[in-house]
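As stored in start_14.cif (mmCIF, C-alpha atoms):
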```cif
data_data
loop_
_atom_site.label_atom_id
_atom_site.label_comp_id
_atom_site.auth_asym_id
_atom_site.auth_seq_id
_atom_site.Cartn_x
_atom_site.Cartn_y
_atom_site.Cartn_z
CA MET A 1 -33.47 -21.09 16.89
CA ASN A 2 -31.51 -17.91 17.55
CA VAL A 3 -33.31 -15.02 19.20
CA PRO A 4 -33.15 -11.94 16.91
CA LYS A 5 -30.97 -9.13 18.18
CA ARG A 6 -32.75 -5.95 19.18
CA ALA A 7 -31.75 -3.02 16.99
CA ALA A 8 -32.52 0.67 17.47
CA MET A 9 -32.49 3.23 14.66
CA VAL A 10 -30.92 6.57 15.59
CA GLY A 11 -31.46 9.19 12.89
CA LEU A 12 -34.51 8.99 10.65
CA GLY A 13 -33.37 10.82 7.52
CA GLY A 14 -33.19 9.44 4.01
CA GLN A 15 -30.49 6.88 4.75
CA ALA A 16 -32.61 5.32 7.47
CA THR A 17 -35.89 5.31 5.58
CA SER A 18 -34.48 4.13 2.25
CA ASP A 19 -31.80 1.68 3.47
CA HIS A 20 -31.64 0.69 7.11
CA LEU A 21 -35.30 0.35 8.07
CA PRO A 22 -36.19 -1.67 4.93
CA GLY A 23 -33.00 -3.66 5.49
CA LEU A 24 -34.00 -4.48 9.06
CA ALA A 25 -37.38 -5.67 7.83
CA GLN A 26 -35.64 -8.14 5.47
CA CYS A 27 -32.70 -9.33 7.57
CA HIS A 28 -32.79 -12.64 9.44
CA LEU A 29 -30.89 -11.92 12.63
CA ALA A 30 -32.25 -8.62 13.98
CA GLU A 31 -35.49 -6.79 14.60
CA LEU A 32 -36.34 -3.14 15.18
CA ALA A 33 -36.94 -2.27 18.83
CA GLY A 34 -37.02 1.55 18.81
CA VAL A 35 -36.37 4.72 16.85
CA CYS A 36 -34.86 8.09 17.69
CA ASP A 37 -34.50 11.50 16.04
CA VAL A 38 -34.42 15.15 17.06
CA ASP A 39 -37.38 15.74 14.71
CA ALA A 40 -40.56 14.86 16.61
CA GLY A 41 -42.55 14.45 13.40
CA ARG A 42 -40.14 11.89 12.02
CA VAL A 43 -40.18 9.99 15.30
CA ALA A 44 -43.97 9.88 15.43
CA ALA A 45 -44.25 8.69 11.84
CA ALA A 46 -41.59 5.99 12.15
CA ALA A 47 -42.88 4.77 15.51
CA ALA A 48 -46.41 4.46 14.13
CA THR A 49 -45.29 2.76 10.91
CA HIS A 50 -43.06 0.20 12.61
CA GLN A 51 -45.03 -0.15 15.85
CA VAL A 52 -42.05 0.56 18.11
CA PRO A 53 -41.41 3.25 20.75
CA GLY A 54 -39.89 6.55 19.64
CA PHE A 55 -37.49 8.87 21.46
CA ALA A 56 -36.03 12.37 21.13
CA THR A 57 -32.60 11.54 22.60
CA VAL A 58 -30.29 8.58 22.21
CA GLU A 59 -29.71 8.47 25.97
CA HIS A 60 -33.43 8.02 26.65
CA LEU A 61 -33.67 5.35 23.96
CA LEU A 62 -30.72 3.38 25.34
CA GLU A 63 -32.14 3.48 28.86
CA ALA A 64 -35.70 2.51 27.90
CA VAL A 65 -35.11 0.01 25.07
CA ARG A 66 -31.73 -1.50 26.01
CA PRO A 67 -30.98 -2.62 22.44
CA ASP A 68 -28.22 -5.00 21.46
CA PHE A 69 -27.00 -2.49 18.90
CA VAL A 70 -27.76 0.90 17.42
CA ILE A 71 -27.75 1.82 13.74
CA ALA A 72 -26.48 5.41 13.69
CA ALA A 73 -27.45 7.40 10.60
CA VAL A 74 -27.05 10.95 11.87
CA PRO A 75 -25.37 14.07 10.44
CA HIS A 76 -21.60 13.66 10.47
CA HIS A 77 -21.01 16.14 13.29
CA ALA A 78 -23.43 14.26 15.57
CA GLY A 79 -21.86 10.83 15.15
CA GLN A 80 -19.35 11.11 17.98
CA GLN A 81 -22.02 11.97 20.54
CA VAL A 82 -24.11 8.95 19.53
CA VAL A 83 -21.14 6.57 19.66
CA ALA A 84 -20.07 7.99 23.04
CA ALA A 85 -23.55 7.45 24.48
CA CYS A 86 -23.63 3.89 23.16
CA ALA A 87 -20.14 3.16 24.50
CA GLU A 88 -21.17 4.37 27.96
CA ALA A 89 -24.21 2.06 27.82
CA GLY A 90 -22.21 -0.89 26.44
CA VAL A 91 -24.25 -0.94 23.23
CA HIS A 92 -22.68 -1.88 19.88
CA VAL A 93 -22.89 0.47 16.88
CA LEU A 94 -23.43 0.04 13.15
CA LYS A 95 -22.40 3.52 11.98
CA GLU A 96 -23.05 5.28 8.70
CA LYS A 97 -19.91 6.48 6.93
CA PRO A 98 -17.74 8.44 7.31
CA PHE A 99 -16.18 6.90 10.38
CA ALA A 100 -15.11 10.33 11.67
CA THR A 101 -14.85 13.96 10.57
CA ASP A 102 -11.08 14.21 11.22
CA PRO A 103 -8.15 12.11 12.52
CA HIS A 104 -8.51 13.41 16.08
CA GLU A 105 -12.15 12.32 16.26
CA ALA A 106 -11.26 8.99 14.64
CA ALA A 107 -8.66 8.28 17.33
CA GLU A 108 -11.12 9.21 20.07
CA LEU A 109 -13.86 6.99 18.64
CA ALA A 110 -11.50 4.04 18.28
CA ALA A 111 -10.33 4.48 21.88
CA LEU A 112 -13.93 4.80 23.11
CA CYS A 113 -14.95 1.53 21.48
CA ASP A 114 -11.85 -0.28 22.69
CA LYS A 115 -12.26 0.91 26.29
CA ALA A 116 -15.97 0.07 26.39
CA GLY A 117 -15.46 -3.30 24.67
CA ILE A 118 -18.09 -2.59 22.02
CA GLU A 119 -18.05 -3.42 18.34
CA LEU A 120 -18.40 -0.64 15.79
CA MET A 121 -18.83 -1.38 12.10
CA VAL A 122 -18.88 1.33 9.45
CA THR A 123 -21.48 0.98 6.70
CA VAL A 124 -19.51 0.66 3.48
CA GLN A 125 -21.92 -1.56 1.60
CA ARG A 126 -19.51 -2.63 -1.11
CA ARG A 127 -17.49 -4.60 1.45
CA PHE A 128 -20.47 -6.96 1.75
CA HIS A 129 -21.20 -7.29 -1.97
CA PRO A 130 -19.75 -10.46 -3.56
CA VAL A 131 -18.82 -8.73 -6.83
CA TYR A 132 -16.57 -6.21 -5.08
CA ALA A 133 -14.96 -8.99 -3.06
CA ALA A 134 -14.39 -11.05 -6.22
CA ALA A 135 -12.59 -8.07 -7.77
CA LEU A 136 -9.73 -8.67 -5.34
CA GLN A 137 -9.06 -12.08 -6.89
CA LEU A 138 -9.28 -10.74 -10.43
CA LEU A 139 -6.91 -7.91 -9.53
CA GLU A 140 -4.09 -10.44 -9.20
CA ARG A 141 -4.36 -11.24 -12.91
CA ILE A 142 -3.41 -7.78 -14.23
CA GLY A 143 0.08 -7.78 -12.73
CA ALA A 144 1.60 -4.96 -10.66
CA PRO A 145 -0.80 -2.00 -11.08
CA TYR A 146 0.62 1.23 -12.48
CA LEU A 147 -2.57 3.27 -13.11
CA VAL A 148 -5.79 3.78 -11.16
CA GLU A 149 -8.69 5.99 -12.23
CA GLY A 150 -11.84 6.53 -10.21
CA ARG A 151 -15.00 8.57 -10.70
CA TYR A 152 -18.11 8.92 -8.55
CA SER A 153 -20.53 11.62 -9.58
CA PHE A 154 -24.19 12.57 -9.75
CA HIS A 155 -26.26 15.76 -9.90
CA CYS A 156 -27.58 17.18 -6.64
CA PRO A 157 -30.07 20.01 -7.28
CA ASP A 158 -28.82 22.05 -4.32
CA PRO A 159 -25.29 21.23 -3.08
CA ALA A 160 -25.57 24.07 -0.54
CA ALA A 161 -28.59 22.63 1.26
CA GLY A 162 -28.53 21.66 4.92
CA TRP A 163 -25.60 20.55 7.02
CA ARG A 164 -23.92 18.88 4.06
CA GLY A 165 -23.15 22.33 2.66
CA ARG A 166 -21.13 23.27 5.75
CA ALA A 167 -17.64 21.79 5.95
CA ARG A 168 -17.49 22.31 9.72
CA LEU A 169 -20.54 20.10 10.25
CA ALA A 170 -19.93 17.56 7.50
CA GLY A 171 -16.15 17.19 7.93
CA GLY A 172 -15.82 18.10 4.25
CA GLY A 173 -17.99 17.97 1.15
CA CYS A 174 -18.52 15.38 -1.56
CA LEU A 175 -15.12 13.76 -0.97
CA ALA A 176 -15.88 13.00 2.70
CA ASP A 177 -19.47 11.99 2.02
CA MET A 178 -20.20 10.10 -1.20
CA GLY A 179 -16.51 9.91 -2.09
CA TYR A 180 -15.91 7.82 1.03
CA HIS A 181 -17.11 4.74 -0.87
CA LEU A 182 -14.57 5.30 -3.65
CA ILE A 183 -11.81 5.91 -1.10
CA ASP A 184 -12.79 2.69 0.67
CA LEU A 185 -12.44 0.68 -2.54
CA LEU A 186 -9.09 2.31 -3.30
CA ILE A 187 -7.65 1.52 0.14
CA TRP A 188 -9.21 -1.96 0.22
CA TYR A 189 -7.74 -2.92 -3.15
CA LEU A 190 -4.50 -0.97 -3.29
CA GLY A 191 -3.66 0.38 0.17
CA LEU A 192 -3.10 3.94 1.35
CA PRO A 193 -1.33 6.19 -1.18
CA ASP A 194 2.03 7.70 -0.26
CA ARG A 195 1.14 11.13 -1.64
CA VAL A 196 -2.03 12.97 -2.62
CA LEU A 197 -2.48 16.29 -4.38
CA ALA A 198 -6.03 17.61 -4.29
CA ASP A 199 -8.14 20.44 -5.62
CA THR A 200 -11.68 21.16 -4.48
CA SER A 201 -14.42 23.45 -5.71
CA ALA A 202 -17.69 24.85 -4.35
CA ALA A 203 -18.79 26.67 -7.49
CA ALA A 204 -21.67 24.60 -8.87
CA ALA A 205 -24.32 26.87 -7.34
CA PRO A 206 -23.28 30.48 -8.03
CA GLY A 207 -24.53 32.86 -5.37
CA ALA A 208 -25.25 30.13 -2.82
CA GLU A 209 -23.46 30.25 0.51
CA TYR A 210 -21.69 26.96 1.19
CA ASP A 211 -18.10 25.89 1.76
CA ALA A 212 -18.28 22.09 1.55
CA GLU A 213 -16.92 21.17 -1.87
CA ASP A 214 -19.29 19.91 -4.52
CA THR A 215 -16.39 18.69 -6.67
CA ALA A 216 -12.97 17.27 -5.82
CA LEU A 217 -10.07 15.99 -7.92
CA VAL A 218 -7.38 14.01 -6.12
CA HIS A 219 -4.14 12.88 -7.74
CA LEU A 220 -2.54 9.81 -6.17
CA ALA A 221 0.99 8.45 -6.04
CA TYR A 222 2.40 5.24 -4.54
CA ASP A 223 6.11 4.60 -4.03
CA SER A 224 5.59 1.35 -5.96
CA GLY A 225 5.10 3.33 -9.17
CA LEU A 226 1.30 3.32 -9.14
CA TYR A 227 -0.29 6.65 -10.05
CA GLY A 228 -3.81 7.86 -10.70
CA SER A 229 -6.70 10.10 -9.79
CA LEU A 230 -10.15 10.21 -8.24
CA LEU A 231 -12.86 12.60 -9.43
CA VAL A 232 -15.81 13.05 -7.09
CA SER A 233 -18.72 15.40 -7.75
CA ARG A 234 -22.25 15.86 -6.50
CA SER A 235 -22.99 18.45 -9.16
CA ALA A 236 -22.11 16.62 -12.39
CA GLY A 237 -24.59 14.17 -13.90
CA PRO A 238 -25.26 11.54 -15.05
CA LYS A 239 -24.68 9.30 -12.08
CA THR A 240 -21.42 7.44 -12.55
CA GLU A 241 -19.50 5.11 -10.27
CA ARG A 242 -16.31 3.54 -11.62
CA LEU A 243 -12.86 2.43 -10.51
CA ALA A 244 -10.38 1.15 -13.10
CA VAL A 245 -6.99 -0.35 -12.23
CA THR A 246 -4.48 -1.05 -15.01
CA GLY A 247 -1.43 -3.32 -14.98
CA PRO A 248 0.87 -4.85 -17.63
CA HIS A 249 -1.49 -7.78 -18.27
CA GLY A 250 -4.74 -5.85 -18.52
CA ALA A 251 -7.21 -3.84 -16.47
CA LEU A 252 -9.86 -4.37 -13.83
CA VAL A 253 -12.97 -2.17 -14.10
CA VAL A 254 -15.36 -2.06 -11.16
CA GLU A 255 -18.72 -0.35 -11.55
CA ARG A 256 -21.91 -0.51 -9.51
CA GLY A 257 -22.57 -4.22 -9.06
CA THR A 258 -20.27 -5.27 -11.91
CA VAL A 259 -16.61 -6.09 -12.45
CA ARG A 260 -14.82 -6.70 -15.76
CA LEU A 261 -11.35 -8.07 -16.43
CA LEU A 262 -9.92 -6.61 -19.65
CA ASP A 263 -6.94 -7.66 -21.73
CA PRO A 264 -4.24 -5.07 -22.57
CA GLY A 265 -6.19 -4.06 -25.67
CA GLY A 266 -9.34 -3.34 -23.68
CA GLN A 267 -11.35 -6.45 -24.64
CA THR A 268 -13.40 -8.15 -21.93
CA VAL A 269 -11.87 -11.44 -20.76
CA GLU A 270 -14.19 -12.10 -17.85
CA ALA A 271 -17.16 -10.33 -16.28
CA LEU A 272 -19.29 -10.69 -13.17
CA LEU A 273 -22.69 -9.11 -12.61
CA ARG A 274 -25.01 -9.14 -9.63
CA GLU A 275 -28.49 -7.64 -9.64
CA PRO A 276 -29.84 -8.13 -6.12
CA ALA A 277 -33.37 -7.19 -5.12
CA TRP A 278 -33.43 -4.14 -2.87
CA PRO A 279 -32.96 -3.92 0.11
CA CYS A 280 -30.67 -6.94 -0.06
CA SER A 281 -27.45 -4.99 0.51
CA PRO A 282 -28.52 -3.24 3.75
CA ALA A 283 -30.04 -6.48 5.05
CA VAL A 284 -26.84 -8.44 4.35
CA GLN A 285 -24.82 -5.77 6.13
CA ILE A 286 -27.04 -5.84 9.23
CA ASP A 287 -26.98 -9.65 9.36
CA ARG A 288 -23.18 -9.59 9.06
CA PHE A 289 -22.99 -7.21 12.04
CA CYS A 290 -25.14 -9.61 14.05
CA ARG A 291 -22.69 -12.40 13.23
CA VAL A 292 -19.82 -10.16 14.30
CA LEU A 293 -21.59 -9.68 17.64
CA ASP A 294 -22.10 -13.45 17.95
CA GLY A 295 -18.41 -14.02 17.32
CA THR A 296 -19.10 -16.12 14.21
CA ALA A 297 -17.71 -13.61 11.66
CA PRO A 298 -14.89 -11.05 11.68
CA ASN A 299 -15.56 -7.32 11.53
CA PRO A 300 -14.26 -6.22 8.12
CA SER A 301 -15.07 -2.57 8.68
CA GLY A 302 -14.10 -1.70 12.25
CA PRO A 303 -12.45 1.46 13.61
CA ASP A 304 -8.87 0.39 12.87
CA ALA A 305 -9.78 -0.34 9.25
CA HIS A 306 -11.07 3.22 8.84
CA LEU A 307 -8.24 5.23 10.35
CA PRO A 308 -6.55 5.26 6.88
CA HIS A 309 -9.73 6.66 5.30
CA THR A 310 -9.77 9.58 7.71
CA ALA A 311 -6.05 10.15 7.14
CA PHE A 312 -6.61 10.14 3.36
CA LEU A 313 -9.32 12.79 3.70
CA ALA A 314 -7.22 14.93 6.04
CA ALA A 315 -4.28 14.81 3.62
CA ALA A 316 -6.50 15.67 0.65
CA TYR A 317 -8.01 18.69 2.39
CA ALA A 318 -4.59 19.83 3.62
CA SER A 319 -3.25 19.57 0.08
CA ALA A 320 -6.19 21.52 -1.33
CA THR A 321 -5.44 24.32 1.15
CA THR A 322 -1.68 24.48 0.62
CA ASN A 323 -1.51 23.45 -3.07
CA ARG A 324 1.20 20.97 -2.10
CA PRO A 325 1.26 17.17 -2.00
CA ALA A 326 0.52 15.60 1.38
CA ASP A 327 1.39 12.19 2.83
CA PRO A 328 -1.74 10.53 4.32
CA LYS A 329 0.40 8.48 6.71
CA GLU A 330 1.36 11.69 8.51
CA PHE A 331 -2.29 12.04 9.51
CA LEU A 332 -2.69 8.54 10.91
CA ALA A 333 -3.60 8.70 14.57
#
```

Would you mind writing the file's structure down as structure tokens?
Amino acid sequence: MNVPKRAAMVGLGGQATSDHLPGLAQCHLAELAGVCDVDAGRVAAAAATHQVPGFATVEHLLEAVRPDFVIAAVPHHAGQQVVAACAEAGVHVLKEKPFATDPHEAAELAALCDKAGIELMVTVQRRFHPVYAAALQLLERIGAPYLVEGRYSFHCPDPAAGWRGRARLAGGGCLADMGYHLIDLLIWYLGLPDRVLADTSAAAAPGAEYDAEDTALVHLAYDSGLYGSLLVSRSAGPKTERLAVTGPHGALVVERGTVRLLDPGGQTVEALLREPAWPCSPAVQIDRFCRVLDGTAPNPSGPDAHLPHTAFLAAAYASATTNRPADPKEFLA
């Protein structure tokens, strides 16, 4: 019987308490060995609930617990420091998205992991969901795509709140945060666009002081003749997550946990639906990372796979500033 890997949770905000800690409790290949956060109250509560030691700094945790890997769910601007500490200690990292706040940081993180010989996997849950993987096979049936349309939106009561309202700390707004999942699907299915033209807005909360966009519209162009757009908003309800790709033989529509193949007239030809019990998705992701560490599964979401995501974001923000199209490949490290 395999000995479970020892995991440490760094960052005890909502992502940890709603996803990663319940996921760890349900996964088969890892167990929680320690928790860490700058908030002493969070640490005390989590340590008592899970009966593990708690720490105020990642360095102290790594020295005392010596985990096999760390799950890092910290504010975007703090991610590099956590990865650097883990790399120095030779500890692997399962990191919350985004991979990095800009292309320079992305290149540094990739080099850190490579030099230290550690694995880093970015948490893009859809990569580990069978419906999203099956969409790749169905995509072949629509012919050469010529149109892509994506939307990811929900209503956040206060888009100015906390570090997410500050572009300098978050590396951007809704596009870099929640929009990262939509960008990941786009790049996974269709590759990196050749040109993007973006507009962003931070106007959903009049009078509030924040500069991280609450809404972004990105137009896309591929040299192959594929065009489209992504709309991302954390101020517009109801919650919607959708990516539709159209070709001469029909369309593929991917929504949360579902995929539909449509004929050219819009009628459903085939559909797949998965309704897993929560926290199945986080648990599957953690178990996959353990298999990556054992060498029995490839890492589908490592640093190299996420350099294009960071380049896409950099190009979109550059375009929004200059009002001119930008080529994401020019921002690849």

Subject >> For segment 205-222 of chain A: contacts at 8 Å, only C-alpha atoms, fewer than 4 positions along chain excluded, given as a ChimeraX atom specification >> reply: /A:158-160,164-167,170,172-175,193-201,226-235,316

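Proximity ranking of A:Gly250, A:Gly117, A:Gly90, A:Pro282 relative to Gln267 of chain A places A:Gly250 first, based on only C-alpha atoms.
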
Between atom CA of Ala135 of chain A and atom CA of Val269 of chain A, measure the distance and give it in Å to one decimal.
->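 Separation of atom CA of Ala135 of chain A and atom CA of Val269 of chain A: 13.4 Å.
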
- Message: If the PyMOL selection byres ((chain A and resi 24) around 12) were run on this exact file, what residues would it hold? Put them as JSON, numbers by chain.
- Response: {"A": [4, 5, 6, 7, 8, 9, 16, 17, 18, 19, 20, 21, 22, 23, 25, 26, 27, 28, 29, 30, 31, 32, 33, 34, 50, 70, 71, 278, 279, 280, 281, 282, 283, 284, 285, 286, 287, 288, 289, 290]}

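Using only C-alpha atoms, the shortest contact distance between Glu140 of chain A and any of A:Phe312, A:Phe55, A:Tyr189, A:Phe154 is found at A:Tyr189.
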
Pro103 of chain A proximity check over A:Leu120, A:Cys36, A:Ala311, A:Ala326, using all atoms listed in the file: winner is A:Ala311

Ground truth for the PyMOL selection byres ((chain A and resi 178-180) around 8), written as a list of chain:residue names =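 Taken over the shown coordinates, the PyMOL selection byres ((chain A and resi 178-180) around 8) returns A:Lys97, A:Pro98, A:Tyr152, A:Cys174, A:Leu175, A:Ala176, A:Asp177, A:His181, A:Leu182, A:Ile183, A:Asp184, A:Val232, A:His309.
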
Separating atom CA of Glu270 of chain A from atom CA of Pro145 of chain A, to the nearest tenth of an Å, is a gap of 18.1 Å

Exercise. Counting only C-alpha atoms, select every polymer residue within 12 Å of (-24.6, 2.2, 25.4) as defined in the file's coordinates, and provide the selection as a PyMOL selection string.
Key: chain A and resi 8+58-70+81-93+112-113+116-120

Here atom CA of Ala107 of chain A and atom CA of Ser224 of chain A stand apart by 28.2 Å

One residue among A:Gly302, A:Gly14, A:Gly162, A:Gly143 is nearest to Asp263 of chain A when using all atoms listed in the file, and that residue is A:Gly143

List the residues selected by the PyMOL selection byres ((chain A and resi 300) around 12) in the file shown, writing them as an mmCIF file with C-alpha atoms, in the frame of the given file.
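Below you can see part.cif, which holds the result:
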```
data_model
loop_
_atom_site.group_PDB
_atom_site.id
_atom_site.type_symbol
_atom_site.label_atom_id
_atom_site.label_comp_id
_atom_site.auth_asym_id
_atom_site.auth_seq_id
_atom_site.Cartn_x
_atom_site.Cartn_y
_atom_site.Cartn_z
ATOM 1 C CA GLU A 119 -18.050 -3.420 18.340
ATOM 2 C CA LEU A 120 -18.400 -0.640 15.790
ATOM 3 C CA MET A 121 -18.830 -1.380 12.100
ATOM 4 C CA VAL A 122 -18.880 1.330 9.450
ATOM 5 C CA THR A 123 -21.480 0.980 6.700
ATOM 6 C CA VAL A 124 -19.510 0.660 3.480
ATOM 7 C CA GLN A 125 -21.920 -1.560 1.600
ATOM 8 C CA ARG A 126 -19.510 -2.630 -1.110
ATOM 9 C CA ARG A 127 -17.490 -4.600 1.450
ATOM 10 C CA PHE A 128 -20.470 -6.960 1.750
ATOM 11 C CA ALA A 133 -14.960 -8.990 -3.060
ATOM 12 C CA ASP A 184 -12.790 2.690 0.670
ATOM 13 C CA TRP A 188 -9.210 -1.960 0.220
ATOM 14 C CA GLN A 285 -24.820 -5.770 6.130
ATOM 15 C CA ARG A 288 -23.180 -9.590 9.060
ATOM 16 C CA PHE A 289 -22.990 -7.210 12.040
ATOM 17 C CA ARG A 291 -22.690 -12.400 13.230
ATOM 18 C CA VAL A 292 -19.820 -10.160 14.300
ATOM 19 C CA ALA A 297 -17.710 -13.610 11.660
ATOM 20 C CA PRO A 298 -14.890 -11.050 11.680
ATOM 21 C CA ASN A 299 -15.560 -7.320 11.530
ATOM 22 C CA SER A 301 -15.070 -2.570 8.680
ATOM 23 C CA GLY A 302 -14.100 -1.700 12.250
ATOM 24 C CA PRO A 303 -12.450 1.460 13.610
ATOM 25 C CA ASP A 304 -8.870 0.390 12.870
ATOM 26 C CA ALA A 305 -9.780 -0.340 9.250
ATOM 27 C CA HIS A 306 -11.070 3.220 8.840
#
```

> Got a sec: who's within 6 Å of Arg242 of chain A, counting all atoms listed in the file, leaving out chain neighbours fewer than 5 positions off, as an MDAnalysis selection string?
Replying inline: chainID A and resid 150:151 254:255

message = I want to know what sits within 12 Å of Asp39 of chain A, based on only C-alpha atoms, with residues of the same chain fewer than 4 positions away left out; could you give that as a PyMOL selection string?
response = chain A and resi 10-13+35+43-46+54-57+74

Around all the atoms of segment 204-217 of chain A listed in the file, with 4 Å of room on each side, what axis-aligned box do you get, giving centre and edge lengths in Å to one decimal, as lines of an AutoDock Vina configuration file?
```
center_x = -17.7
center_y = 24.4
center_z = -3.6
size_x = 23.2
size_y = 24.9
size_z = 18.6
```

Writing all heavy atoms and nothing else, produce segment 60-67 of chain A as a short mmCIF file (atom, residue, chain, number, x, y, z; two decimals), in the first residue's frame.
```cif
data_model
loop_
_atom_site.label_atom_id
_atom_site.label_comp_id
_atom_site.auth_asym_id
_atom_site.auth_seq_id
_atom_site.Cartn_x
_atom_site.Cartn_y
_atom_site.Cartn_z
N HIS A 60 8.94 28.66 8.03
CA HIS A 60 8.85 27.90 9.27
C HIS A 60 8.12 26.58 9.03
O HIS A 60 8.51 25.52 9.54
CB HIS A 60 8.14 28.74 10.34
CG HIS A 60 8.19 28.14 11.71
ND1 HIS A 60 7.46 28.63 12.78
CD2 HIS A 60 8.88 27.07 12.20
CE1 HIS A 60 7.71 27.89 13.84
NE2 HIS A 60 8.56 26.93 13.53
N LEU A 61 7.04 26.63 8.26
CA LEU A 61 6.29 25.42 7.95
C LEU A 61 7.17 24.39 7.24
O LEU A 61 7.18 23.21 7.59
CB LEU A 61 5.08 25.76 7.08
CG LEU A 61 4.22 24.59 6.58
CD1 LEU A 61 2.76 24.96 6.54
CD2 LEU A 61 4.66 24.14 5.18
N LEU A 62 7.90 24.83 6.21
CA LEU A 62 8.73 23.91 5.44
C LEU A 62 9.79 23.26 6.31
O LEU A 62 10.08 22.07 6.17
CB LEU A 62 9.38 24.66 4.27
CG LEU A 62 8.42 25.16 3.19
CD1 LEU A 62 9.16 26.07 2.21
CD2 LEU A 62 7.78 23.99 2.45
N GLU A 63 10.36 24.04 7.21
CA GLU A 63 11.42 23.51 8.09
C GLU A 63 10.86 22.52 9.11
O GLU A 63 11.47 21.47 9.37
CB GLU A 63 12.11 24.67 8.82
CG GLU A 63 13.22 24.22 9.75
CD GLU A 63 13.87 25.39 10.47
OE1 GLU A 63 13.44 26.54 10.27
OE2 GLU A 63 14.82 25.13 11.25
N ALA A 64 9.69 22.83 9.68
CA ALA A 64 9.14 22.00 10.75
C ALA A 64 8.40 20.77 10.23
O ALA A 64 8.49 19.69 10.80
CB ALA A 64 8.21 22.84 11.63
N VAL A 65 7.65 20.93 9.14
CA VAL A 65 6.78 19.85 8.66
C VAL A 65 7.47 18.98 7.61
O VAL A 65 7.22 17.78 7.51
CB VAL A 65 5.47 20.46 8.08
CG1 VAL A 65 4.61 19.37 7.45
CG2 VAL A 65 4.70 21.17 9.18
N ARG A 66 8.31 19.59 6.79
CA ARG A 66 8.98 18.90 5.68
C ARG A 66 7.97 18.14 4.81
O ARG A 66 8.06 16.91 4.67
CB ARG A 66 10.07 17.97 6.19
CG ARG A 66 11.18 18.69 6.95
CD ARG A 66 12.33 17.77 7.30
NE ARG A 66 13.37 18.49 8.03
CZ ARG A 66 14.31 19.26 7.46
NH1 ARG A 66 14.33 19.40 6.15
NH2 ARG A 66 15.21 19.87 8.19
N PRO A 67 7.01 18.85 4.23
CA PRO A 67 5.99 18.18 3.42
C PRO A 67 6.55 17.71 2.08
O PRO A 67 7.60 18.17 1.62
CB PRO A 67 4.95 19.28 3.21
CG PRO A 67 5.76 20.54 3.22
CD PRO A 67 6.85 20.31 4.23
#
```
